[in-house]
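Next comes structure.pdb, with PDB, C-alpha atoms, pLDDT in the B column.
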```pdb
ATOM      1  CA  MET A   1     -11.204 -36.811  -5.108  1.00 53.00           C
ATOM      2  CA  LEU A   2     -10.102 -36.637  -8.738  1.00 62.00           C
ATOM      3  CA  PHE A   3     -13.412 -35.103  -9.823  1.00 68.00           C
ATOM      4  CA  GLN A   4     -14.863 -32.848  -7.151  1.00 67.00           C
ATOM      5  CA  GLU A   5     -18.663 -32.897  -7.069  1.00 74.00           C
ATOM      6  CA  VAL A   6     -19.018 -29.745  -4.985  1.00 78.00           C
ATOM      7  CA  PRO A   7     -16.825 -26.651  -5.072  1.00 76.00           C
ATOM      8  CA  ALA A   8     -14.180 -26.487  -2.351  1.00 77.00           C
ATOM      9  CA  SER A   9     -15.257 -24.513   0.716  1.00 83.00           C
ATOM     10  CA  THR A  10     -13.127 -21.381   0.792  1.00 88.00           C
ATOM     11  CA  PHE A  11     -15.247 -19.442   3.314  1.00 92.00           C
ATOM     12  CA  ASN A  12     -12.649 -19.642   6.115  1.00 94.00           C
ATOM     13  CA  TYR A  13      -9.946 -18.368   3.764  1.00 95.00           C
ATOM     14  CA  MET A  14     -12.198 -15.466   2.791  1.00 93.00           C
ATOM     15  CA  LEU A  15     -12.664 -14.574   6.477  1.00 95.00           C
ATOM     16  CA  LEU A  16      -8.918 -14.840   7.017  1.00 96.00           C
ATOM     17  CA  GLY A  17      -8.334 -12.552   4.018  1.00 95.00           C
ATOM     18  CA  PHE A  18     -10.757  -9.924   5.325  1.00 94.00           C
ATOM     19  CA  CYS A  19      -9.144 -10.115   8.787  1.00 96.00           C
ATOM     20  CA  ALA A  20      -5.695  -9.628   7.217  1.00 96.00           C
ATOM     21  CA  ILE A  21      -6.827  -6.630   5.139  1.00 95.00           C
ATOM     22  CA  LEU A  22      -8.666  -4.993   8.052  1.00 94.00           C
ATOM     23  CA  GLY A  23      -5.753  -5.757  10.393  1.00 96.00           C
ATOM     24  CA  ILE A  24      -3.195  -4.131   8.074  1.00 96.00           C
ATOM     25  CA  MET A  25      -5.455  -1.078   7.502  1.00 94.00           C
ATOM     26  CA  GLY A  26      -6.090  -0.897  11.269  1.00 95.00           C
ATOM     27  CA  LEU A  27      -2.352  -0.918  12.025  1.00 96.00           C
ATOM     28  CA  PHE A  28      -1.827   1.918   9.525  1.00 95.00           C
ATOM     29  CA  LEU A  29      -4.700   3.873  11.091  1.00 94.00           C
ATOM     30  CA  ILE A  30      -3.218   3.360  14.579  1.00 96.00           C
ATOM     31  CA  SER A  31       0.173   4.564  13.290  1.00 95.00           C
ATOM     32  CA  LEU A  32      -1.536   7.697  11.879  1.00 95.00           C
ATOM     33  CA  VAL A  33      -3.244   8.398  15.219  1.00 96.00           C
ATOM     34  CA  VAL A  34      -0.021   7.858  17.222  1.00 97.00           C
ATOM     35  CA  ARG A  35       1.996  10.093  14.886  1.00 95.00           C
ATOM     36  CA  PHE A  36      -0.731  12.769  15.007  1.00 95.00           C
ATOM     37  CA  ARG A  37      -0.734  12.749  18.819  1.00 96.00           C
ATOM     38  CA  ASN A  38       3.056  12.915  18.991  1.00 96.00           C
ATOM     39  CA  LEU A  39       3.121  15.858  16.605  1.00 95.00           C
ATOM     40  CA  CYS A  40       0.386  17.655  18.605  1.00 95.00           C
ATOM     41  CA  ARG A  41       2.474  17.192  21.763  1.00 94.00           C
ATOM     42  CA  ASP A  42       5.608  18.456  19.992  1.00 93.00           C
ATOM     43  CA  LEU A  43       3.749  21.505  18.714  1.00 92.00           C
ATOM     44  CA  GLU A  44       2.387  22.307  22.172  1.00 92.00           C
ATOM     45  CA  GLN A  45       5.887  22.042  23.660  1.00 90.00           C
ATOM     46  CA  LEU A  46       7.440  24.175  20.925  1.00 88.00           C
ATOM     47  CA  GLU A  47       4.773  26.847  21.213  1.00 84.00           C
ATOM     48  CA  GLY A  48       5.161  26.726  25.007  1.00 82.00           C
ATOM     49  CA  ASN A  49       8.926  27.272  24.607  1.00 72.00           C
ATOM     50  CA  ASP A  50       8.259  30.160  22.263  1.00 67.00           C
ATOM     51  CA  VAL A  51       5.904  31.851  24.769  1.00 67.00           C
ATOM     52  CA  ASN A  52       8.365  31.245  27.658  1.00 68.00           C
ATOM     53  CA  GLU A  53      11.207  32.845  25.709  1.00 66.00           C
ATOM     54  CA  ARG A  54       9.139  35.910  24.944  1.00 64.00           C
ATOM     55  CA  THR A  55       8.132  36.386  28.615  1.00 62.00           C
TER      56      THR A  55
ATOM     57  CA  MET B   1       4.601  10.914  -0.491  1.00 77.00           C
ATOM     58  CA  ASN B   2       1.251  10.663   1.306  1.00 82.00           C
ATOM     59  CA  GLY B   3      -0.251   8.510  -1.420  1.00 88.00           C
ATOM     60  CA  LEU B   4       2.879   6.354  -1.493  1.00 90.00           C
ATOM     61  CA  GLU B   5       2.514   5.371   2.146  1.00 93.00           C
ATOM     62  CA  ILE B   6      -1.095   4.301   1.575  1.00 95.00           C
ATOM     63  CA  GLY B   7      -0.068   2.536  -1.634  1.00 94.00           C
ATOM     64  CA  LEU B   8       2.454   0.530   0.363  1.00 94.00           C
ATOM     65  CA  VAL B   9      -0.247  -0.470   2.849  1.00 95.00           C
ATOM     66  CA  PHE B  10      -2.609  -1.476   0.027  1.00 96.00           C
ATOM     67  CA  THR B  11       0.092  -3.436  -1.807  1.00 95.00           C
ATOM     68  CA  PHE B  12       1.057  -5.248   1.388  1.00 96.00           C
ATOM     69  CA  ALA B  13      -2.626  -6.099   2.027  1.00 96.00           C
ATOM     70  CA  ASN B  14      -2.824  -7.259  -1.590  1.00 95.00           C
ATOM     71  CA  ILE B  15       0.182  -9.573  -1.264  1.00 96.00           C
ATOM     72  CA  VAL B  16      -1.005 -11.025   2.061  1.00 96.00           C
ATOM     73  CA  SER B  17      -4.629 -11.533   0.953  1.00 95.00           C
ATOM     74  CA  GLY B  18      -3.380 -12.925  -2.377  1.00 94.00           C
ATOM     75  CA  SER B  19      -1.304 -15.439  -0.479  1.00 95.00           C
ATOM     76  CA  ILE B  20      -4.389 -16.457   1.529  1.00 95.00           C
ATOM     77  CA  TRP B  21      -6.346 -16.817  -1.726  1.00 93.00           C
ATOM     78  CA  ALA B  22      -3.553 -18.918  -3.241  1.00 93.00           C
ATOM     79  CA  ARG B  23      -3.645 -21.491  -0.423  1.00 93.00           C
ATOM     80  CA  PRO B  24      -6.943 -23.178  -1.421  1.00 91.00           C
ATOM     81  CA  ILE B  25      -6.635 -22.371  -5.145  1.00 88.00           C
ATOM     82  CA  TRP B  26      -2.980 -23.203  -5.867  1.00 90.00           C
ATOM     83  CA  ASN B  27      -2.469 -25.379  -2.766  1.00 90.00           C
ATOM     84  CA  THR B  28       0.405 -23.215  -1.592  1.00 93.00           C
ATOM     85  CA  TRP B  29       0.806 -19.941   0.342  1.00 94.00           C
ATOM     86  CA  TRP B  30       3.584 -18.714  -1.958  1.00 94.00           C
ATOM     87  CA  THR B  31       4.997 -19.591  -5.348  1.00 92.00           C
ATOM     88  CA  TRP B  32       7.699 -17.861  -7.386  1.00 93.00           C
ATOM     89  CA  ASP B  33       5.183 -16.668  -9.977  1.00 91.00           C
ATOM     90  CA  PRO B  34       6.173 -13.528 -11.989  1.00 91.00           C
ATOM     91  CA  ARG B  35       3.240 -11.494 -10.613  1.00 92.00           C
ATOM     92  CA  LEU B  36       4.000 -12.323  -6.995  1.00 93.00           C
ATOM     93  CA  VAL B  37       7.704 -11.647  -7.443  1.00 94.00           C
ATOM     94  CA  THR B  38       7.268  -8.337  -9.339  1.00 95.00           C
ATOM     95  CA  ALA B  39       4.649  -7.122  -6.819  1.00 95.00           C
ATOM     96  CA  SER B  40       6.999  -7.924  -3.931  1.00 95.00           C
ATOM     97  CA  ILE B  41       9.911  -6.196  -5.661  1.00 95.00           C
ATOM     98  CA  MET B  42       7.706  -3.149  -6.265  1.00 95.00           C
ATOM     99  CA  GLU B  43       6.798  -3.097  -2.558  1.00 95.00           C
ATOM    100  CA  LEU B  44      10.489  -3.297  -1.593  1.00 96.00           C
ATOM    101  CA  ILE B  45      11.433  -0.537  -4.067  1.00 95.00           C
ATOM    102  CA  TYR B  46       8.877   1.807  -2.487  1.00 94.00           C
ATOM    103  CA  ILE B  47       9.920   0.856   1.071  1.00 95.00           C
ATOM    104  CA  ALA B  48      13.471   1.801   0.021  1.00 95.00           C
ATOM    105  CA  TYR B  49      12.064   5.095  -1.339  1.00 93.00           C
ATOM    106  CA  LEU B  50      10.551   5.892   2.074  1.00 91.00           C
ATOM    107  CA  LEU B  51      13.830   5.023   3.808  1.00 92.00           C
ATOM    108  CA  LEU B  52      15.788   7.153   1.336  1.00 92.00           C
ATOM    109  CA  ARG B  53      13.572  10.164   1.985  1.00 89.00           C
ATOM    110  CA  GLN B  54      13.858   9.739   5.729  1.00 87.00           C
ATOM    111  CA  GLY B  55      17.630   9.342   5.497  1.00 89.00           C
ATOM    112  CA  VAL B  56      18.341  12.692   3.792  1.00 88.00           C
ATOM    113  CA  GLU B  57      18.212  15.729   6.091  1.00 83.00           C
ATOM    114  CA  ASP B  58      18.538  18.572   3.591  1.00 84.00           C
ATOM    115  CA  PRO B  59      15.046  19.241   2.087  1.00 82.00           C
ATOM    116  CA  ALA B  60      16.371  20.274  -1.352  1.00 88.00           C
ATOM    117  CA  ARG B  61      18.573  17.170  -1.686  1.00 90.00           C
ATOM    118  CA  ARG B  62      15.766  14.986  -0.329  1.00 88.00           C
ATOM    119  CA  ALA B  63      13.383  16.358  -2.962  1.00 88.00           C
ATOM    120  CA  ARG B  64      15.935  15.866  -5.784  1.00 91.00           C
ATOM    121  CA  PHE B  65      16.908  12.320  -4.761  1.00 90.00           C
ATOM    122  CA  GLY B  66      13.268  11.460  -4.136  1.00 89.00           C
ATOM    123  CA  ALA B  67      12.225  12.708  -7.570  1.00 91.00           C
ATOM    124  CA  VAL B  68      14.964  10.765  -9.400  1.00 93.00           C
ATOM    125  CA  TYR B  69      14.352   7.578  -7.399  1.00 92.00           C
ATOM    126  CA  GLY B  70      10.586   8.014  -7.848  1.00 90.00           C
ATOM    127  CA  ILE B  71      10.908   8.156 -11.642  1.00 92.00           C
ATOM    128  CA  VAL B  72      13.236   5.140 -11.786  1.00 92.00           C
ATOM    129  CA  GLY B  73      11.197   3.203  -9.207  1.00 91.00           C
ATOM    130  CA  PHE B  74       7.951   3.786 -11.096  1.00 92.00           C
ATOM    131  CA  ILE B  75       9.224   1.439 -13.835  1.00 94.00           C
ATOM    132  CA  SER B  76       8.294  -1.408 -11.458  1.00 93.00           C
ATOM    133  CA  VAL B  77       4.585  -0.458 -11.618  1.00 93.00           C
ATOM    134  CA  PRO B  78       3.887  -1.214 -15.328  1.00 94.00           C
ATOM    135  CA  ILE B  79       6.204  -4.243 -15.101  1.00 94.00           C
ATOM    136  CA  THR B  80       4.062  -5.600 -12.244  1.00 92.00           C
ATOM    137  CA  PHE B  81       0.836  -4.888 -14.128  1.00 90.00           C
ATOM    138  CA  LEU B  82       2.069  -6.438 -17.371  1.00 89.00           C
ATOM    139  CA  SER B  83       3.940  -9.381 -15.789  1.00 88.00           C
ATOM    140  CA  ILE B  84       0.961 -11.726 -16.104  1.00 85.00           C
ATOM    141  CA  ARG B  85       0.513 -10.716 -19.742  1.00 83.00           C
ATOM    142  CA  ILE B  86       4.179 -10.917 -20.747  1.00 84.00           C
ATOM    143  CA  PHE B  87       5.470 -13.922 -18.809  1.00 85.00           C
ATOM    144  CA  ARG B  88       4.233 -17.475 -18.586  1.00 82.00           C
ATOM    145  CA  THR B  89       2.260 -17.514 -15.336  1.00 82.00           C
ATOM    146  CA  ILE B  90      -0.501 -19.258 -13.402  1.00 85.00           C
ATOM    147  CA  HIS B  91      -1.858 -15.957 -12.054  1.00 87.00           C
ATOM    148  CA  PRO B  92      -5.319 -15.120 -13.484  1.00 83.00           C
ATOM    149  CA  VAL B  93      -5.680 -12.115 -15.813  1.00 81.00           C
ATOM    150  CA  VAL B  94      -8.784 -10.462 -14.377  1.00 75.00           C
ATOM    151  CA  ILE B  95      -8.884  -7.192 -16.324  1.00 72.00           C
ATOM    152  CA  GLY B  96      -8.700  -7.478 -20.106  1.00 66.00           C
ATOM    153  CA  SER B  97      -7.826 -10.651 -21.887  1.00 60.00           C
ATOM    154  CA  GLY B  98      -4.628 -12.538 -21.267  1.00 55.00           C
ATOM    155  CA  GLU B  99      -2.725 -15.082 -23.271  1.00 58.00           C
ATOM    156  CA  PRO B 100      -5.456 -17.605 -24.324  1.00 59.00           C
ATOM    157  CA  SER B 101      -3.199 -20.583 -23.684  1.00 60.00           C
ATOM    158  CA  ALA B 102      -2.239 -19.333 -20.193  1.00 58.00           C
ATOM    159  CA  THR B 103      -3.464 -21.466 -17.290  1.00 59.00           C
ATOM    160  CA  GLY B 104      -5.048 -18.581 -15.389  1.00 59.00           C
ATOM    161  CA  SER B 105      -6.871 -16.926 -18.295  1.00 63.00           C
ATOM    162  CA  PHE B 106     -10.626 -16.434 -17.788  1.00 68.00           C
ATOM    163  CA  ASN B 107     -13.452 -13.939 -18.305  1.00 73.00           C
ATOM    164  CA  MET B 108     -15.336 -12.541 -15.328  1.00 77.00           C
ATOM    165  CA  VAL B 109     -18.925 -13.771 -14.958  1.00 81.00           C
ATOM    166  CA  PRO B 110     -21.552 -11.072 -14.062  1.00 85.00           C
ATOM    167  CA  GLU B 111     -21.532 -11.992 -10.331  1.00 88.00           C
ATOM    168  CA  MET B 112     -17.759 -11.565 -10.223  1.00 85.00           C
ATOM    169  CA  ARG B 113     -18.033  -8.238 -12.029  1.00 87.00           C
ATOM    170  CA  VAL B 114     -20.506  -6.926  -9.406  1.00 92.00           C
ATOM    171  CA  ALA B 115     -18.185  -8.029  -6.577  1.00 91.00           C
ATOM    172  CA  PHE B 116     -15.181  -6.536  -8.390  1.00 89.00           C
ATOM    173  CA  PHE B 117     -16.735  -3.108  -8.971  1.00 92.00           C
ATOM    174  CA  PHE B 118     -18.212  -2.989  -5.456  1.00 94.00           C
ATOM    175  CA  SER B 119     -14.769  -3.782  -4.071  1.00 93.00           C
ATOM    176  CA  LEU B 120     -13.121  -1.209  -6.350  1.00 93.00           C
ATOM    177  CA  PHE B 121     -15.572   1.486  -5.180  1.00 96.00           C
ATOM    178  CA  THR B 122     -15.123   0.569  -1.484  1.00 95.00           C
ATOM    179  CA  PHE B 123     -11.330   0.529  -1.627  1.00 94.00           C
ATOM    180  CA  THR B 124     -11.275   3.828  -3.537  1.00 95.00           C
ATOM    181  CA  LEU B 125     -13.377   5.316  -0.730  1.00 96.00           C
ATOM    182  CA  ILE B 126     -10.999   3.892   1.902  1.00 94.00           C
ATOM    183  CA  TYR B 127      -8.045   5.275  -0.071  1.00 95.00           C
ATOM    184  CA  VAL B 128      -9.534   8.790  -0.239  1.00 96.00           C
ATOM    185  CA  THR B 129     -10.350   8.714   3.514  1.00 94.00           C
ATOM    186  CA  LEU B 130      -6.853   7.533   4.473  1.00 94.00           C
ATOM    187  CA  LEU B 131      -5.269  10.080   2.127  1.00 95.00           C
ATOM    188  CA  TRP B 132      -7.248  12.894   3.753  1.00 95.00           C
ATOM    189  CA  HIS B 133      -6.037  11.837   7.211  1.00 94.00           C
ATOM    190  CA  ARG B 134      -2.458  11.442   5.948  1.00 95.00           C
ATOM    191  CA  LEU B 135      -2.585  14.958   4.445  1.00 95.00           C
ATOM    192  CA  ARG B 136      -3.750  16.338   7.799  1.00 95.00           C
ATOM    193  CA  LEU B 137      -0.782  14.627   9.424  1.00 95.00           C
ATOM    194  CA  GLN B 138       1.549  16.102   6.796  1.00 93.00           C
ATOM    195  CA  ARG B 139       0.211  19.613   7.402  1.00 94.00           C
ATOM    196  CA  LEU B 140       0.709  19.203  11.149  1.00 95.00           C
ATOM    197  CA  ALA B 141       4.266  17.926  10.575  1.00 92.00           C
ATOM    198  CA  GLU B 142       4.997  21.044   8.497  1.00 91.00           C
ATOM    199  CA  ARG B 143       3.659  23.262  11.296  1.00 92.00           C
ATOM    200  CA  VAL B 144       5.908  21.477  13.800  1.00 93.00           C
ATOM    201  CA  GLU B 145       8.870  21.930  11.457  1.00 89.00           C
ATOM    202  CA  GLN B 146       8.138  25.662  11.153  1.00 90.00           C
ATOM    203  CA  ALA B 147       7.816  25.976  14.933  1.00 90.00           C
ATOM    204  CA  LYS B 148      11.159  24.156  15.376  1.00 89.00           C
ATOM    205  CA  ARG B 149      12.891  26.535  12.986  1.00 87.00           C
ATOM    206  CA  LYS B 150      11.343  29.506  14.762  1.00 86.00           C
ATOM    207  CA  VAL B 151      12.577  28.255  18.161  1.00 86.00           C
ATOM    208  CA  LEU B 152      16.055  27.525  16.798  1.00 85.00           C
ATOM    209  CA  SER B 153      16.378  30.922  15.125  1.00 84.00           C
ATOM    210  CA  ALA B 154      15.205  32.802  18.263  1.00 73.00           C
TER     211      ALA B 154
END
```
As structure tokens:
Amino acid sequence: MLFQEVPASTFNYMLLGFCAILGIMGLFLISLVVRFRNLCRDLEQLEGNDVNERT
Amino acid sequence: MNGLEIGLVFTFANIVSGSIWARPIWNTWWTWDPRLVTASIMELIYIAYLLLRQGVEDPARRARFGAVYGIVGFISVPITFLSIRIFRTIHPVVIGSGEPSATGSFNMVPEMRVAFFFSLFTFTLIYVTLLWHRLRLQRLAERVEQAKRKVLSA
């Protein structure tokens, strides 16, 4: 094994790397969606309160 | 602020994928190499920046503290970039030439250059897309804040 005749197979590590990158990006995207939905709900509630107070 | 959050995500992905790359190449998941250490410190500095901003209620104070911390914290960015050129390291210098005697010094072959620029283009596109969505979120958060103030003042 001192002199390798063929390059080491790193394909599985490459797949793992892509999975890690996509996983991290996916988590961030999910956090954006969750925060967006929460804010939409807050806005609806606040605007509902505003309308109720006026009437 | 919006770009910072995405930068944190990208840096974290960079550290994790770099660790995966290091396993077959360096035969270890992690080593106390200057580039790895400075990149991790940079990530921690910007996490602290996010926490600082969330911890201050008053918008004017938050902006002032954020600006000062942002300027001081930015010092970590060039240090991280230059760490593999300044310090003795096994991390490869991919862009530009490094110290010729350094273990990781090499020039990109044309195939690597194609993969590098394709990757650069793709990640720039992902960055712009994420930034656009983050800006939309920011605008919505500002609307909610305005609505809160309106309700409280009524």
Of B:Leu130, B:Val68, B:Met42, B:Met108, the one sitting nearest chain A when using all atoms listed in the file is B:Leu130
Rows by chain and residue number, chain A within 9 Å of chain B, shortest pair, only C-alpha atoms, as JSON lines:
```
{"residue": "A:Ala8", "atom": "CA", "partner": "B:Pro24", "partner_atom": "CA", "distance": 8.0}
{"residue": "A:Ser9", "atom": "CA", "partner": "B:Pro24", "partner_atom": "CA", "distance": 8.7}
{"residue": "A:Thr10", "atom": "CA", "partner": "B:Pro24", "partner_atom": "CA", "distance": 6.8}
{"residue": "A:Tyr13", "atom": "CA", "partner": "B:Ile20", "partner_atom": "CA", "distance": 6.3}
{"residue": "A:Met14", "atom": "CA", "partner": "B:Trp21", "partner_atom": "CA", "distance": 7.5}
{"residue": "A:Leu16", "atom": "CA", "partner": "B:Ile20", "partner_atom": "CA", "distance": 7.3}
{"residue": "A:Gly17", "atom": "CA", "partner": "B:Ser17", "partner_atom": "CA", "distance": 4.9}
{"residue": "A:Phe18", "atom": "CA", "partner": "B:Ser17", "partner_atom": "CA", "distance": 7.7}
{"residue": "A:Ala20", "atom": "CA", "partner": "B:Ser17", "partner_atom": "CA", "distance": 6.6}
{"residue": "A:Ile21", "atom": "CA", "partner": "B:Ala13", "partner_atom": "CA", "distance": 5.3}
{"residue": "A:Leu22", "atom": "CA", "partner": "B:Ala13", "partner_atom": "CA", "distance": 8.6}
{"residue": "A:Gly23", "atom": "CA", "partner": "B:Ala13", "partner_atom": "CA", "distance": 8.9}
{"residue": "A:Ile24", "atom": "CA", "partner": "B:Ala13", "partner_atom": "CA", "distance": 6.4}
{"residue": "A:Met25", "atom": "CA", "partner": "B:Val9", "partner_atom": "CA", "distance": 7.0}
{"residue": "A:Phe28", "atom": "CA", "partner": "B:Val9", "partner_atom": "CA", "distance": 7.3}
{"residue": "A:Leu29", "atom": "CA", "partner": "B:Leu130", "partner_atom": "CA", "distance": 7.9}
{"residue": "A:Leu32", "atom": "CA", "partner": "B:Arg134", "partner_atom": "CA", "distance": 7.1}
{"residue": "A:Val33", "atom": "CA", "partner": "B:Leu137", "partner_atom": "CA", "distance": 8.9}
{"residue": "A:Arg35", "atom": "CA", "partner": "B:Leu137", "partner_atom": "CA", "distance": 7.6}
{"residue": "A:Phe36", "atom": "CA", "partner": "B:Leu137", "partner_atom": "CA", "distance": 5.9}
{"residue": "A:Leu39", "atom": "CA", "partner": "B:Ala141", "partner_atom": "CA", "distance": 6.5}
{"residue": "A:Cys40", "atom": "CA", "partner": "B:Leu140", "partner_atom": "CA", "distance": 7.6}
{"residue": "A:Asp42", "atom": "CA", "partner": "B:Val144", "partner_atom": "CA", "distance": 6.9}
{"residue": "A:Leu43", "atom": "CA", "partner": "B:Val144", "partner_atom": "CA", "distance": 5.4}
{"residue": "A:Leu46", "atom": "CA", "partner": "B:Ala147", "partner_atom": "CA", "distance": 6.3}
{"residue": "A:Glu47", "atom": "CA", "partner": "B:Ala147", "partner_atom": "CA", "distance": 7.0}
{"residue": "A:Asn49", "atom": "CA", "partner": "B:Val151", "partner_atom": "CA", "distance": 7.5}
{"residue": "A:Asp50", "atom": "CA", "partner": "B:Val151", "partner_atom": "CA", "distance": 6.3}
{"residue": "A:Glu53", "atom": "CA", "partner": "B:Ala154", "partner_atom": "CA", "distance": 8.5}
```
Could you work out an axis-aligned box for region 27-38 of chain A, taking every atom the file lists and adding 5 Å on each side, and report centre and edge lengths in Å to one decimal, as lines of an AutoDock Vina configuration file?
```
center_x = -0.8
center_y = 6.0
center_z = 14.3
size_x = 17.8
size_y = 23.8
size_z = 19.5
```
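Interatomic distance, CA of Asn107 (chain B) against CA of Leu8 (chain B): 28.5 Å.
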Kindly give the distance, in Å, that separates CA of Leu135 (chain B) and CA of Asn2 (chain B), rounded to a single decimal. 6.6 Å
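If you look at CA of Thr38 (chain B) and CA of Ser76 (chain B), they are 7.3 Å away from each other.
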Within 10 Å of Gly73 (chain B), counting only C-alpha atoms, which residues qualify if same-chain residues fewer than 5 places away don't, as a ChimeraX atom specification? /B:42,45-46,48-49,66-68
Okay, now the selection with C-alpha atoms, as a PDB file, in the frame of the given file?
```pdb
ATOM      1  CA  MET B  42       7.706  -3.149  -6.265  1.00 95.00           C
ATOM      2  CA  ILE B  45      11.433  -0.537  -4.067  1.00 95.00           C
ATOM      3  CA  TYR B  46       8.877   1.807  -2.487  1.00 94.00           C
ATOM      4  CA  ALA B  48      13.471   1.801   0.021  1.00 95.00           C
ATOM      5  CA  TYR B  49      12.064   5.095  -1.339  1.00 93.00           C
ATOM      6  CA  GLY B  66      13.268  11.460  -4.136  1.00 89.00           C
ATOM      7  CA  ALA B  67      12.225  12.708  -7.570  1.00 91.00           C
ATOM      8  CA  VAL B  68      14.964  10.765  -9.400  1.00 93.00           C
TER       9      VAL B  68
END
```
Generate N, CA and C atoms for region 47-63 of chain B and emit them as a tab-separated table (two decimals), in the frame of the given file.
```tsv
chain	number	residue	atom	x	y	z
B	47	ILE	N	9.46	0.78	-0.33
B	47	ILE	CA	9.92	0.86	1.07
B	47	ILE	C	11.28	1.56	1.09
B	48	ALA	N	12.15	1.17	0.12
B	48	ALA	CA	13.47	1.80	0.02
B	48	ALA	C	13.32	3.30	-0.26
B	49	TYR	N	12.32	3.67	-1.04
B	49	TYR	CA	12.06	5.10	-1.34
B	49	TYR	C	11.74	5.87	-0.05
B	50	LEU	N	10.89	5.26	0.79
B	50	LEU	CA	10.55	5.89	2.07
B	50	LEU	C	11.79	6.05	2.94
B	51	LEU	N	12.61	4.98	3.00
B	51	LEU	CA	13.83	5.02	3.81
B	51	LEU	C	14.80	6.08	3.29
B	52	LEU	N	14.90	6.16	1.95
B	52	LEU	CA	15.79	7.15	1.34
B	52	LEU	C	15.36	8.56	1.74
B	53	ARG	N	14.07	8.82	1.65
B	53	ARG	CA	13.57	10.16	1.98
B	53	ARG	C	13.81	10.50	3.45
B	54	GLN	N	13.65	9.48	4.30
B	54	GLN	CA	13.86	9.74	5.73
B	54	GLN	C	15.34	9.89	6.07
B	55	GLY	N	16.19	9.32	5.21
B	55	GLY	CA	17.63	9.34	5.50
B	55	GLY	C	18.33	10.62	5.09
B	56	VAL	N	17.69	11.45	4.25
B	56	VAL	CA	18.34	12.69	3.79
B	56	VAL	C	17.77	13.88	4.58
B	57	GLU	N	18.65	14.62	5.23
B	57	GLU	CA	18.21	15.73	6.09
B	57	GLU	C	17.84	16.98	5.29
B	58	ASP	N	18.73	17.34	4.35
B	58	ASP	CA	18.54	18.57	3.59
B	58	ASP	C	17.30	18.46	2.69
B	59	PRO	N	16.30	19.37	2.86
B	59	PRO	CA	15.05	19.24	2.09
B	59	PRO	C	15.23	19.29	0.57
B	60	ALA	N	16.16	20.14	0.10
B	60	ALA	CA	16.37	20.27	-1.35
B	60	ALA	C	16.95	18.98	-1.93
B	61	ARG	N	17.96	18.44	-1.23
B	61	ARG	CA	18.57	17.17	-1.69
B	61	ARG	C	17.56	16.03	-1.61
B	62	ARG	N	16.78	16.03	-0.51
B	62	ARG	CA	15.77	14.99	-0.33
B	62	ARG	C	14.76	15.00	-1.48
B	63	ALA	N	14.35	16.23	-1.87
B	63	ALA	CA	13.38	16.36	-2.96
B	63	ALA	C	13.99	15.88	-4.28
```
